[in-house]
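**Student:** This is the content of structure-v1.cif (mmCIF, C-alpha atoms and all ligand atoms):
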```cif
data_my_file
#
loop_
_atom_site.label_atom_id
_atom_site.label_comp_id
_atom_site.auth_asym_id
_atom_site.auth_seq_id
_atom_site.Cartn_x
_atom_site.Cartn_y
_atom_site.Cartn_z
CA MET A 1 -56.59 53.82 -40.26
CA SER A 2 -59.34 53.38 -42.81
CA ALA A 3 -62.67 55.20 -42.60
CA ALA A 4 -64.17 51.95 -41.32
CA GLY A 5 -61.85 51.83 -38.32
CA THR A 6 -59.05 49.49 -37.27
CA PRO A 7 -59.34 46.02 -38.80
CA GLY A 8 -59.73 43.36 -36.15
CA LEU A 9 -61.69 45.52 -33.75
CA PRO A 10 -65.23 44.32 -33.00
CA GLY A 11 -67.67 45.61 -35.61
CA ALA A 12 -64.94 46.53 -38.13
CA ALA A 13 -66.41 44.31 -40.84
CA GLU A 14 -69.90 45.74 -40.33
CA ARG A 15 -68.57 49.29 -40.48
CA ALA A 16 -66.60 48.52 -43.65
CA ALA A 17 -69.72 47.27 -45.47
CA PRO A 18 -71.57 49.90 -47.49
CA GLY A 19 -74.69 51.14 -45.71
CA PRO A 20 -78.17 50.54 -47.06
CA VAL A 21 -79.52 53.11 -49.51
CA ARG A 22 -83.01 54.20 -48.59
CA HIS A 23 -85.48 55.41 -51.16
CA LYS A 24 -88.75 57.22 -50.84
CA GLY A 25 -91.59 54.76 -50.54
CA GLY A 26 -89.47 52.54 -48.32
CA ALA A 27 -88.26 49.99 -50.86
CA GLY A 28 -87.53 50.04 -54.56
CA GLY A 29 -87.32 53.27 -56.49
CA VAL A 30 -90.52 52.72 -58.46
CA ARG A 31 -92.52 52.70 -55.23
CA GLY A 32 -90.79 55.96 -54.44
CA TRP A 33 -92.37 57.59 -57.48
CA LEU A 34 -95.72 56.84 -55.91
CA ASP A 35 -94.90 58.02 -52.39
CA PRO A 36 -96.83 61.30 -52.21
CA ARG A 37 -95.14 62.49 -49.01
CA GLY A 38 -93.11 65.61 -49.55
CA ARG A 39 -93.76 65.63 -53.28
CA THR A 40 -94.82 68.76 -55.08
CA ILE A 41 -96.98 68.87 -58.17
CA GLY A 42 -93.86 68.54 -60.35
CA GLY A 43 -92.94 65.23 -58.76
CA ARG A 44 -96.50 63.99 -58.96
CA SER A 45 -96.73 64.83 -62.66
CA PHE A 46 -93.42 62.99 -63.14
CA ALA A 47 -94.91 59.90 -61.44
CA LEU A 48 -98.14 60.11 -63.45
CA HIS A 49 -96.18 60.58 -66.66
CA ARG A 50 -94.20 57.42 -65.95
CA LEU A 51 -97.26 55.42 -64.92
CA THR A 52 -99.24 56.44 -68.00
CA GLY A 53 -96.17 55.70 -70.14
CA VAL A 54 -95.85 52.18 -68.73
CA ALA A 55 -99.63 51.67 -69.08
CA LEU A 56 -99.58 52.78 -72.73
CA VAL A 57 -96.69 50.46 -73.58
CA ALA A 58 -98.55 47.58 -71.87
CA TYR A 59 -101.71 48.52 -73.79
CA LEU A 60 -99.78 48.51 -77.07
CA TYR A 61 -98.81 44.88 -76.54
CA VAL A 62 -102.33 43.92 -75.48
CA HIS A 63 -103.66 45.72 -78.55
CA LEU A 64 -101.29 43.84 -80.86
CA GLY A 65 -102.27 40.57 -79.19
CA VAL A 66 -105.95 41.36 -79.62
CA LEU A 67 -105.48 42.21 -83.29
CA SER A 68 -104.09 38.72 -83.77
CA LEU A 69 -107.67 37.49 -83.18
CA LEU A 70 -108.27 38.58 -86.76
CA LEU A 71 -106.11 35.64 -87.75
CA VAL A 72 -108.43 33.28 -85.85
CA GLY A 73 -111.48 34.26 -87.88
CA GLU A 74 -114.41 36.61 -88.21
CA SER A 75 -116.51 35.05 -85.46
CA ALA A 76 -113.70 35.32 -82.89
CA TRP A 77 -113.33 39.00 -83.78
CA SER A 78 -117.10 39.58 -83.56
CA ASP A 79 -117.26 37.88 -80.15
CA PHE A 80 -114.40 40.07 -78.99
CA LEU A 81 -116.14 43.22 -80.25
CA GLY A 82 -119.21 42.22 -78.27
CA VAL A 83 -117.15 42.21 -75.08
CA VAL A 84 -115.22 45.43 -75.63
CA THR A 85 -118.27 47.50 -76.52
CA SER A 86 -119.87 46.75 -73.14
CA LYS A 87 -120.21 49.69 -70.73
CA GLY A 88 -117.52 48.29 -68.41
CA PHE A 89 -114.97 48.09 -71.17
CA LEU A 90 -115.89 51.54 -72.47
CA LEU A 91 -114.92 52.93 -69.06
CA PHE A 92 -111.53 51.36 -69.63
CA ASP A 93 -111.38 53.32 -72.91
CA VAL A 94 -111.96 56.52 -70.95
CA VAL A 95 -109.03 55.63 -68.68
CA LEU A 96 -106.97 54.94 -71.79
CA LEU A 97 -107.95 58.30 -73.24
CA PHE A 98 -106.86 59.95 -69.99
CA ALA A 99 -103.47 58.21 -70.24
CA VAL A 100 -103.04 59.25 -73.88
CA LEU A 101 -104.02 62.87 -73.21
CA PHE A 102 -101.92 63.28 -70.08
CA HIS A 103 -98.87 61.53 -71.46
CA GLY A 104 -99.07 63.36 -74.78
CA LEU A 105 -99.73 66.86 -73.44
CA ASN A 106 -97.36 66.54 -70.50
CA GLY A 107 -94.82 65.06 -72.90
CA ILE A 108 -94.91 68.33 -74.85
CA ARG A 109 -94.34 70.22 -71.59
CA VAL A 110 -91.48 67.92 -70.58
CA ALA A 111 -89.89 68.20 -74.03
CA LEU A 112 -90.13 72.00 -73.98
CA VAL A 113 -88.85 72.47 -70.45
CA GLY A 114 -86.34 69.67 -70.82
CA SER A 115 -84.84 71.38 -73.83
CA GLY A 116 -84.30 74.56 -71.85
CA TYR A 117 -87.36 76.49 -73.06
CA ALA A 118 -89.98 78.09 -70.82
CA VAL A 119 -88.24 76.58 -67.78
CA ARG A 120 -89.49 79.35 -65.49
CA HIS A 121 -93.02 78.70 -66.75
CA GLU A 122 -93.03 74.95 -66.22
CA ARG A 123 -95.73 75.23 -63.55
CA ALA A 124 -97.93 77.33 -65.85
CA LEU A 125 -97.37 74.76 -68.59
CA LEU A 126 -98.61 72.07 -66.25
CA TRP A 127 -101.82 74.01 -65.70
CA ALA A 128 -102.06 74.38 -69.49
CA VAL A 129 -101.90 70.57 -69.71
CA VAL A 130 -104.87 70.43 -67.32
CA ALA A 131 -106.73 73.24 -69.10
CA ILE A 132 -106.48 71.52 -72.48
CA GLY A 133 -106.64 67.93 -71.26
CA ALA A 134 -109.67 68.14 -68.95
CA PRO A 135 -112.18 69.43 -71.54
CA ALA A 136 -110.76 67.05 -74.15
CA LEU A 137 -111.17 64.15 -71.71
CA ALA A 138 -114.72 65.23 -70.84
CA TYR A 139 -115.67 65.50 -74.53
CA GLY A 140 -114.04 62.16 -75.34
CA ALA A 141 -115.65 60.42 -72.36
CA LEU A 142 -119.13 61.63 -73.35
CA HIS A 143 -118.48 60.48 -76.90
CA ILE A 144 -117.19 57.05 -75.86
CA LEU A 145 -119.97 56.43 -73.37
CA GLY A 146 -122.63 57.46 -75.86
CA GLY A 147 -123.60 60.79 -74.39
CA LEU A 148 -122.96 62.63 -77.66
CA MET B 1 -86.57 76.01 -26.88
CA SER B 2 -89.67 77.90 -25.69
CA GLU B 3 -91.98 75.09 -24.65
CA THR B 4 -95.72 75.21 -24.99
CA GLY B 5 -96.54 71.56 -25.52
CA THR B 6 -95.21 68.28 -26.82
CA ARG B 7 -94.92 66.59 -30.21
CA ARG B 8 -94.37 62.96 -31.09
CA LEU B 9 -91.38 62.17 -33.28
CA ARG B 10 -90.84 58.90 -35.14
CA VAL B 11 -87.13 58.68 -35.80
CA HIS B 12 -85.26 56.32 -38.15
CA ARG B 13 -82.73 54.13 -36.33
CA PHE B 14 -80.01 52.01 -37.85
CA LYS B 15 -76.80 50.73 -36.30
CA ARG B 16 -74.47 48.55 -38.29
CA GLY B 17 -74.34 44.98 -37.12
CA ASP B 18 -77.31 45.58 -34.87
CA GLY B 19 -80.14 44.16 -36.96
CA GLY B 20 -82.15 46.04 -39.54
CA ALA B 21 -83.45 49.58 -39.54
CA HIS B 22 -86.49 50.49 -37.46
CA PHE B 23 -88.23 53.56 -36.08
CA ASP B 24 -88.27 54.73 -32.47
CA GLU B 25 -90.90 57.07 -31.13
CA PHE B 26 -90.17 59.93 -28.76
CA VAL B 27 -92.27 62.63 -27.16
CA VAL B 28 -90.42 65.94 -27.17
CA PRO B 29 -91.25 69.35 -25.73
CA ALA B 30 -92.11 71.72 -28.55
CA GLY B 31 -93.01 75.36 -28.94
CA PRO B 32 -93.79 77.50 -31.95
CA ARG B 33 -90.12 78.09 -32.75
CA THR B 34 -88.84 74.56 -32.05
CA THR B 35 -86.87 73.22 -34.98
CA VAL B 36 -86.51 69.59 -35.94
CA LEU B 37 -82.86 69.80 -34.89
CA ASP B 38 -83.88 71.20 -31.48
CA ALA B 39 -86.15 68.21 -31.05
CA LEU B 40 -83.50 65.70 -32.16
CA ARG B 41 -80.90 67.21 -29.85
CA TRP B 42 -83.41 67.12 -26.99
CA ILE B 43 -83.77 63.38 -27.67
CA GLN B 44 -79.97 62.99 -27.60
CA LEU B 45 -79.68 64.87 -24.33
CA HIS B 46 -82.72 63.59 -22.46
CA ALA B 47 -83.99 60.35 -23.98
CA ASP B 48 -81.43 58.44 -26.05
CA PRO B 49 -77.80 59.56 -26.27
CA SER B 50 -77.13 56.91 -28.89
CA LEU B 51 -79.15 58.79 -31.51
CA ALA B 52 -76.67 59.80 -34.21
CA LEU B 53 -77.24 62.94 -36.25
CA ARG B 54 -75.07 65.48 -37.96
CA HIS B 55 -75.10 69.25 -37.73
CA SER B 56 -72.71 72.12 -37.45
CA CYS B 57 -73.64 75.72 -38.16
CA MET B 58 -77.27 75.71 -36.95
CA HIS B 59 -78.20 78.38 -39.51
CA ALA B 60 -78.72 76.75 -42.92
CA SER B 61 -75.19 77.40 -44.05
CA CYS B 62 -73.07 74.25 -43.70
CA GLY B 63 -75.58 71.83 -45.25
CA THR B 64 -74.77 68.98 -42.87
CA CYS B 65 -78.13 68.53 -41.16
CA GLY B 66 -80.29 67.45 -44.12
CA VAL B 67 -83.03 64.94 -43.29
CA GLN B 68 -86.46 63.98 -44.55
CA VAL B 69 -89.24 65.30 -42.35
CA ASP B 70 -92.53 63.60 -43.17
CA GLY B 71 -90.96 62.69 -46.51
CA GLN B 72 -89.90 66.24 -47.34
CA GLU B 73 -86.24 67.20 -47.60
CA GLU B 74 -85.32 69.83 -45.02
CA LEU B 75 -82.37 71.28 -43.18
CA ALA B 76 -83.24 70.16 -39.65
CA CYS B 77 -81.70 73.31 -38.13
CA VAL B 78 -84.24 75.62 -39.76
CA ALA B 79 -87.22 73.29 -40.29
CA ARG B 80 -89.91 74.19 -37.79
CA LEU B 81 -91.67 71.26 -36.21
CA GLY B 82 -94.83 73.33 -36.28
CA ASP B 83 -94.76 73.39 -40.08
CA HIS B 84 -95.24 69.62 -40.13
CA ARG B 85 -98.65 68.22 -39.36
CA GLY B 86 -97.65 64.56 -39.02
CA ASP B 87 -98.52 62.90 -35.71
CA PRO B 88 -95.99 61.56 -35.17
CA VAL B 89 -93.64 63.61 -37.31
CA THR B 90 -91.42 61.12 -39.14
CA VAL B 91 -87.72 61.96 -39.41
CA GLU B 92 -85.63 59.89 -41.80
CA PRO B 93 -82.17 60.18 -43.34
CA LEU B 94 -81.84 61.55 -46.85
CA ALA B 95 -82.85 59.15 -49.62
CA ASN B 96 -80.73 57.82 -52.49
CA VAL B 97 -77.43 57.87 -50.59
CA PRO B 98 -76.14 55.17 -48.21
CA VAL B 99 -77.06 55.45 -44.55
CA LEU B 100 -74.14 55.30 -42.14
CA THR B 101 -76.20 55.27 -38.97
CA ASP B 102 -79.56 56.58 -37.73
CA LEU B 103 -79.96 59.94 -39.53
CA VAL B 104 -76.41 60.21 -40.88
CA VAL B 105 -75.75 59.45 -44.55
CA ASP B 106 -72.50 58.83 -46.38
CA MET B 107 -71.94 62.03 -48.35
CA ALA B 108 -68.99 60.43 -50.19
CA ASP B 109 -71.66 58.95 -52.46
CA PHE B 110 -72.99 62.45 -53.16
CA PHE B 111 -69.55 63.86 -54.02
CA ARG B 112 -68.58 60.81 -56.10
CA ARG B 113 -71.13 62.01 -58.68
CA PHE B 114 -69.27 65.22 -59.45
CA GLY B 115 -66.99 65.29 -62.48
CA ASP B 116 -63.63 64.89 -60.76
CA ARG B 117 -61.57 66.28 -63.61
CA HIS B 118 -63.40 69.62 -63.57
CA PRO B 119 -62.69 72.50 -61.18
CA VAL B 120 -66.15 72.59 -59.58
CA LEU B 121 -64.59 73.75 -56.32
CA ARG B 122 -63.18 77.20 -56.00
CA ALA B 123 -61.11 78.93 -53.34
CA SER B 124 -63.43 80.37 -50.74
CA GLU B 125 -63.43 84.16 -50.62
CA ALA B 126 -66.05 84.33 -47.91
CA VAL B 127 -63.87 84.25 -44.78
CA ALA B 128 -60.83 86.49 -45.22
CA GLY B 129 -57.89 85.46 -43.07
CA ALA B 130 -59.48 82.30 -41.70
CA GLN B 131 -56.97 79.53 -41.02
CA PRO B 132 -57.83 76.11 -42.47
CA PRO B 133 -57.65 73.32 -39.89
CA ASP B 134 -54.86 70.73 -39.93
CA GLY B 135 -55.02 68.54 -43.00
CA LEU B 136 -56.62 71.19 -45.23
CA ASP B 137 -54.45 73.37 -47.47
CA ARG B 138 -57.17 75.90 -48.02
CA PHE B 139 -60.93 76.39 -47.77
CA VAL B 140 -62.86 75.60 -50.91
CA ARG B 141 -66.56 75.79 -51.65
CA LEU B 142 -69.09 75.08 -54.34
CA GLU B 143 -70.85 78.23 -55.54
CA ASP B 144 -74.21 78.80 -53.83
CA CYS B 145 -74.64 75.09 -53.34
CA ILE B 146 -74.19 74.17 -49.68
CA GLU B 147 -73.60 70.49 -50.55
CA CYS B 148 -76.45 69.33 -48.36
CA GLY B 149 -77.66 66.57 -50.70
CA LEU B 150 -81.33 67.54 -50.37
CA CYS B 151 -81.69 67.78 -54.15
CA LEU B 152 -80.36 64.27 -54.70
CA SER B 153 -82.70 62.90 -52.06
CA ALA B 154 -85.71 64.65 -53.61
CA CYS B 155 -84.86 63.59 -57.18
CA PRO B 156 -87.17 60.81 -58.41
CA VAL B 157 -84.69 59.83 -61.14
CA ALA B 158 -81.91 59.27 -58.59
CA ALA B 159 -84.33 56.92 -56.81
CA THR B 160 -84.17 54.48 -59.71
CA SER B 161 -80.68 55.15 -61.06
CA ALA B 162 -77.67 55.06 -58.73
CA ARG B 163 -75.41 56.09 -61.62
CA TYR B 164 -77.28 59.33 -62.38
CA ALA B 165 -75.00 62.32 -61.78
CA GLY B 166 -77.83 64.12 -60.03
CA PRO B 167 -78.86 67.75 -59.68
CA ALA B 168 -75.94 69.12 -57.62
CA ALA B 169 -73.21 67.68 -59.83
CA LEU B 170 -74.95 68.78 -63.03
CA SER B 171 -75.56 72.26 -61.62
CA ALA B 172 -71.87 72.53 -60.81
CA ALA B 173 -71.08 71.59 -64.41
CA GLN B 174 -73.45 74.26 -65.70
CA ARG B 175 -71.76 76.85 -63.47
CA LEU B 176 -68.50 75.91 -65.15
CA LEU B 177 -69.98 76.88 -68.50
CA GLU B 178 -70.92 80.28 -67.07
CA GLU B 179 -67.53 80.76 -65.43
CA PRO B 180 -65.05 78.16 -66.75
CA ARG B 181 -62.14 78.85 -64.31
CA GLY B 182 -59.84 77.02 -66.69
CA ALA B 183 -62.19 74.13 -67.39
CA ASP B 184 -62.35 72.73 -70.90
CA ARG B 185 -65.87 73.64 -72.00
CA ASP B 186 -66.15 70.74 -74.45
CA ASP B 187 -64.97 68.32 -71.81
CA VAL B 188 -67.57 69.59 -69.34
CA LEU B 189 -70.30 69.22 -71.96
CA ALA B 190 -69.08 65.74 -72.89
CA TRP B 191 -69.26 64.77 -69.22
CA ALA B 192 -72.74 66.26 -68.84
CA GLY B 193 -73.96 64.64 -72.05
CA ARG B 194 -73.24 61.08 -70.89
CA PRO B 195 -76.25 58.71 -70.59
CA GLU B 196 -76.17 59.17 -66.82
CA GLY B 197 -75.83 62.93 -67.20
CA ALA B 198 -78.19 65.80 -67.98
CA TRP B 199 -80.45 63.89 -70.38
CA ARG B 200 -81.39 61.49 -67.59
CA CYS B 201 -83.41 64.24 -65.87
CA HIS B 202 -87.18 63.95 -66.40
CA VAL B 203 -88.27 67.40 -65.28
CA GLY B 204 -89.70 66.45 -61.90
CA MET B 205 -88.38 69.83 -60.65
CA GLU B 206 -88.23 68.46 -57.09
CA CYS B 207 -84.56 69.42 -56.75
CA THR B 208 -85.27 73.12 -57.15
CA ARG B 209 -88.13 72.84 -54.67
CA ALA B 210 -85.85 71.10 -52.16
CA CYS B 211 -82.78 73.33 -52.56
CA PRO B 212 -82.39 75.49 -49.43
CA ALA B 213 -79.82 77.74 -51.11
CA ASP B 214 -81.93 78.69 -54.12
CA ALA B 215 -79.22 77.36 -56.42
CA LEU B 216 -81.96 76.40 -58.93
CA PRO B 217 -80.56 72.99 -59.86
CA ALA B 218 -83.40 72.01 -62.22
CA GLU B 219 -83.11 75.28 -64.13
CA ARG B 220 -79.36 74.74 -64.41
CA ILE B 221 -79.84 71.21 -65.75
CA MET B 222 -82.20 72.61 -68.40
CA ALA B 223 -79.67 75.30 -69.32
CA LEU B 224 -77.08 72.56 -69.65
CA ARG B 225 -79.36 70.57 -71.91
CA ARG B 226 -79.97 73.59 -74.06
CA GLU B 227 -76.21 73.95 -74.48
CA LEU B 228 -75.90 70.26 -75.22
CA GLY B 229 -78.75 70.40 -77.74
CA GLY B 230 -77.17 73.33 -79.56
CA ARG B 231 -73.81 71.61 -79.59
CA GLU B 232 -75.25 68.36 -80.95
CA ALA B 233 -77.27 70.23 -83.59
CA GLY B 234 -74.12 72.12 -84.62
CA ALA B 235 -72.16 68.88 -84.90
CA ARG B 236 -74.63 67.41 -87.39
CA PRO B 237 -73.42 67.41 -91.03
S1 LIG C 301 -76.58 72.74 -39.16
FE1 LIG C 301 -75.61 73.75 -40.84
S2 LIG C 301 -77.19 73.74 -42.33
FE2 LIG C 301 -78.17 72.92 -40.61
#
```
Spell out the structure here as structure tokens.

**Tutor:**
Amino acid sequence: MSAAGTPGLPGAAERAAPGPVRHKGGAGGVRGWLDPRGRTIGGRSFALHRLTGVALVAYLYVHLGVLSLLLVGESAWSDFLGVVTSKGFLLFDVVLLFAVLFHGLNGIRVALVGSGYAVRHERALLWAVVAIGAPALAYGALHILGGL
Amino acid sequence: MSETGTRRLRVHRFKRGDGGAHFDEFVVPAGPRTTVLDALRWIQLHADPSLALRHSCMHASCGTCGVQVDGQEELACVARLGDHRGDPVTVEPLANVPVLTDLVVDMADFFRRFGDRHPVLRASEAVAGAQPPDGLDRFVRLEDCIECGLCLSACPVAATSARYAGPAALSAAQRLLEEPRGADRDDVLAWAGRPEGAWRCHVGMECTRACPADALPAERIMALRRELGGREAGARP
């Protein structure tokens, strides 16, 4: 008799079918990255690392697209600069700076730990990411928003 | 179960051929020492005998009772209800492996990830003189790992990659490097160095947090990667 039971018995086909695989977040795996339930700081930094990575790749393409305005002419570029130097857009730059800082600094941590170094200190390294990143973000934000 | 009050439990239900999965809510008597397994067994005995769950030893040794409690991987037999603040407390099967029914998952999918040509199992020396049941030649066990699957459920990489070997299988491979037991070291490293092997880990460290046996799966994966890195560097001309 197979693990699914005797063929021909009621329910045999249903039992033979593979069961559904559940993931955190209820549905697809990517939503599971964002499900905070039961996650520790390591899992949350993993999720943030992935999100900032995806955001930076998306930004790269937007950036390349925007640079193509240079091909349209000087006035198109000047109009664009007028928009992106508004306060609202500068806030977006601060978010971008956060993504760059977190992804870069945490990337160093991930590379170190992931290569088998300082594995027992991975939590301390995460706090080092915060300790270096937070002041750098604050300085950068003040600079971008015109406070310096 | 010393009873001092009640707790609400929201329990995952799934029966094949009986529509999709859903959650049922139960109110269970609960005291300060009530475990999640106590509560689930109370439901079986007093509220719904069709609730399917798996357990055996009742003391964090057999690894069969793994579930997610409010999203956190736990052995139900030692997880105290009182340590979970959810109201209701949500109990779900482990993630990233197929669900057979209710809270029971198909562990074949967990074991399929192990390198089957490597001797990751060893003869058990824990129970001298014990007689294996019919159908088993001898008892075997994985090192400290109790094969509960909590690490695989907690792993965010396994959530997006069904082919990833996962923390338990990679830890077993790393143990083979420490104590080869006749395994071909290069073969073990070649297996671990596959795209779905050790390099797939992204240092979420959730497996080590989830492991109830302190087998340190994440640390073992990193040790494996260090070996792999040294081997690949040595192979360069
Ligand atoms: S019943 Fe054996 S580990 Fe929980």

**Student:** Within 8 Å of ligand LIG 301 (chain C), which residues of chain B come that close, and what is the closest atom pair and distance in Å for each? Count all atoms listed in the file and give it as CSV.

**Tutor:**
```
residue,atom,partner,partner_atom,distance
B:Arg54,CA,C:LIG301,S1,7.5
B:His55,CA,C:LIG301,S1,4.1
B:Ser56,CA,C:LIG301,S1,4.3
B:Cys57,CA,C:LIG301,FE1,3.9
B:Met58,CA,C:LIG301,S1,3.8
B:His59,CA,C:LIG301,FE1,5.5
B:Ala60,CA,C:LIG301,S2,3.4
B:Ser61,CA,C:LIG301,S2,4.5
B:Cys62,CA,C:LIG301,FE1,3.9
B:Gly63,CA,C:LIG301,S2,3.8
B:Thr64,CA,C:LIG301,FE1,5.3
B:Cys65,CA,C:LIG301,FE2,4.4
B:Gly66,CA,C:LIG301,FE2,6.8
B:Leu75,CA,C:LIG301,FE2,5.2
B:Ala76,CA,C:LIG301,FE2,5.9
B:Cys77,CA,C:LIG301,FE2,4.3
B:Val78,CA,C:LIG301,FE2,6.7
B:Ile146,CA,C:LIG301,S2,8.0
B:Cys148,CA,C:LIG301,S2,7.5
```

**Student:** At a cut-off of 12 Å, using only C-alpha atoms, what residues contact Asp87 (chain B)? Leave out same-chain residues fewer than 5 positions from it and give the result as a ChimeraX atom specification.

**Tutor:** /B:6-10,25-27,69-70,81-82

**Student:** What are the residues of chain B lining chain A at 10 Å or less? Count all atoms listed in the file, and put the answer as a VMD selection string.

**Tutor:** chain B and resid 14 to 18 20 to 21 68 to 74 92 to 101 105 to 106 153 to 162 198 to 199 201 to 207 209 to 210 218 to 230

**Student:** Report, in Å to a single decimal, how far apart CA of Gln44 (chain B) and CA of Pro88 (chain B) are.

**Tutor:** 17.8 Å

**Student:** Could you tell me how far CA of Val94 (chain A) sits from CA of Tyr59 (chain A), in Å to one decimal place?

**Tutor:** 13.3 Å

**Student:** Leaving out Thr4 (chain B) and any residue of its chain fewer than 5 positions from it, which residues lie within 9 Å of it when counting all atoms listed in the file, given as an MDAnalysis selection string?

**Tutor:** chainID B and resid 29:32

**Student:** Would you work out the distance separating CA of Asp83 (chain B) from CA of Leu152 (chain B), expressed in Å to one decimal?

**Tutor:**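 Between these atoms lies a distance of 22.5 Å.
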
**Student:** Please provide the set of residues having any atom within 12 Å of region 76-86 of chain A, restricted to all atoms listed in the file, with same-chain residues fewer than 3 positions apart removed, written as a list in words.

**Tutor:**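 Listing them by chain and then by number gives His63, Val66, Leu67, Ser68, Leu69, Leu70, Leu71, Val72, Gly73, Phe89, Leu90, Leu91, Phe92, Asp93, Ile144, Leu145 and Gly146 of chain A.
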
**Student:** Please, which residues are within 9 Å of (-72.2, 74.0, -65.8) by the file's coordinates, counting all atoms listed in the file, and could they come as a ChimeraX atom specification?

**Tutor:** /B:120,169-180,185,188-189,192,220-221,223-224

**Student:** Please determine, counting only C-alpha atoms, which residue among B:Ala79, B:Asp24, B:Arg138, B:Pro212 has the shortest atom-to-atom distance to Ser50 (chain B).

**Tutor:**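 Answer, going by the shortest atom-to-atom distance: B:Asp24.
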
**Student:** Would you output region 121-137 of chain A from that structure, restricted to N, CA and C atoms, as a PDB file, in the first residue's frame?

**Tutor:**
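File produced: part23.pdb:
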```pdb
ATOM      1  N   HIS A 121      29.824  37.131  16.532  1.00  0.00           N
ATOM      2  CA  HIS A 121      29.632  38.562  16.827  1.00  0.00           C
ATOM      3  C   HIS A 121      28.673  39.218  15.843  1.00  0.00           C
ATOM      4  N   GLU A 122      27.878  38.382  15.148  1.00  0.00           N
ATOM      5  CA  GLU A 122      27.037  38.971  14.094  1.00  0.00           C
ATOM      6  C   GLU A 122      26.041  39.985  14.664  1.00  0.00           C
ATOM      7  N   ARG A 123      25.562  39.740  15.887  1.00  0.00           N
ATOM      8  CA  ARG A 123      24.622  40.676  16.493  1.00  0.00           C
ATOM      9  C   ARG A 123      25.326  42.000  16.802  1.00  0.00           C
ATOM     10  N   ALA A 124      26.553  41.906  17.327  1.00  0.00           N
ATOM     11  CA  ALA A 124      27.320  43.123  17.622  1.00  0.00           C
ATOM     12  C   ALA A 124      27.611  43.889  16.325  1.00  0.00           C
ATOM     13  N   LEU A 125      27.863  43.143  15.259  1.00  0.00           N
ATOM     14  CA  LEU A 125      28.123  43.804  13.973  1.00  0.00           C
ATOM     15  C   LEU A 125      26.885  44.552  13.489  1.00  0.00           C
ATOM     16  N   LEU A 126      25.719  43.995  13.793  1.00  0.00           N
ATOM     17  CA  LEU A 126      24.488  44.669  13.392  1.00  0.00           C
ATOM     18  C   LEU A 126      24.339  45.995  14.137  1.00  0.00           C
ATOM     19  N   TRP A 127      24.696  45.983  15.412  1.00  0.00           N
ATOM     20  CA  TRP A 127      24.649  47.241  16.167  1.00  0.00           C
ATOM     21  C   TRP A 127      25.702  48.212  15.656  1.00  0.00           C
ATOM     22  N   ALA A 128      26.821  47.672  15.160  1.00  0.00           N
ATOM     23  CA  ALA A 128      27.853  48.549  14.565  1.00  0.00           C
ATOM     24  C   ALA A 128      27.304  49.210  13.304  1.00  0.00           C
ATOM     25  N   VAL A 129      26.501  48.462  12.544  1.00  0.00           N
ATOM     26  CA  VAL A 129      25.862  49.029  11.346  1.00  0.00           C
ATOM     27  C   VAL A 129      25.002  50.230  11.761  1.00  0.00           C
ATOM     28  N   VAL A 130      24.247  50.051  12.861  1.00  0.00           N
ATOM     29  CA  VAL A 130      23.381  51.134  13.344  1.00  0.00           C
ATOM     30  C   VAL A 130      24.234  52.298  13.850  1.00  0.00           C
ATOM     31  N   ALA A 131      25.297  51.949  14.608  1.00  0.00           N
ATOM     32  CA  ALA A 131      26.129  52.999  15.214  1.00  0.00           C
ATOM     33  C   ALA A 131      26.833  53.848  14.155  1.00  0.00           C
ATOM     34  N   ILE A 132      27.226  53.252  13.066  1.00  0.00           N
ATOM     35  CA  ILE A 132      27.880  54.026  12.003  1.00  0.00           C
ATOM     36  C   ILE A 132      26.835  54.667  11.090  1.00  0.00           C
ATOM     37  N   GLY A 133      25.794  53.895  10.780  1.00  0.00           N
ATOM     38  CA  GLY A 133      24.807  54.347   9.798  1.00  0.00           C
ATOM     39  C   GLY A 133      23.947  55.499  10.289  1.00  0.00           C
ATOM     40  N   ALA A 134      23.527  55.454  11.565  1.00  0.00           N
ATOM     41  CA  ALA A 134      22.588  56.478  12.053  1.00  0.00           C
ATOM     42  C   ALA A 134      23.202  57.882  12.022  1.00  0.00           C
ATOM     43  N   PRO A 135      24.421  58.092  12.567  1.00  0.00           N
ATOM     44  CA  PRO A 135      24.994  59.431  12.471  1.00  0.00           C
ATOM     45  C   PRO A 135      25.259  59.854  11.025  1.00  0.00           C
ATOM     46  N   ALA A 136      25.677  58.882  10.196  1.00  0.00           N
ATOM     47  CA  ALA A 136      25.938  59.222   8.789  1.00  0.00           C
ATOM     48  C   ALA A 136      24.645  59.647   8.102  1.00  0.00           C
ATOM     49  N   LEU A 137      23.545  58.966   8.437  1.00  0.00           N
ATOM     50  CA  LEU A 137      22.250  59.320   7.847  1.00  0.00           C
ATOM     51  C   LEU A 137      21.814  60.699   8.338  1.00  0.00           C
TER      52      LEU A 137
END
```
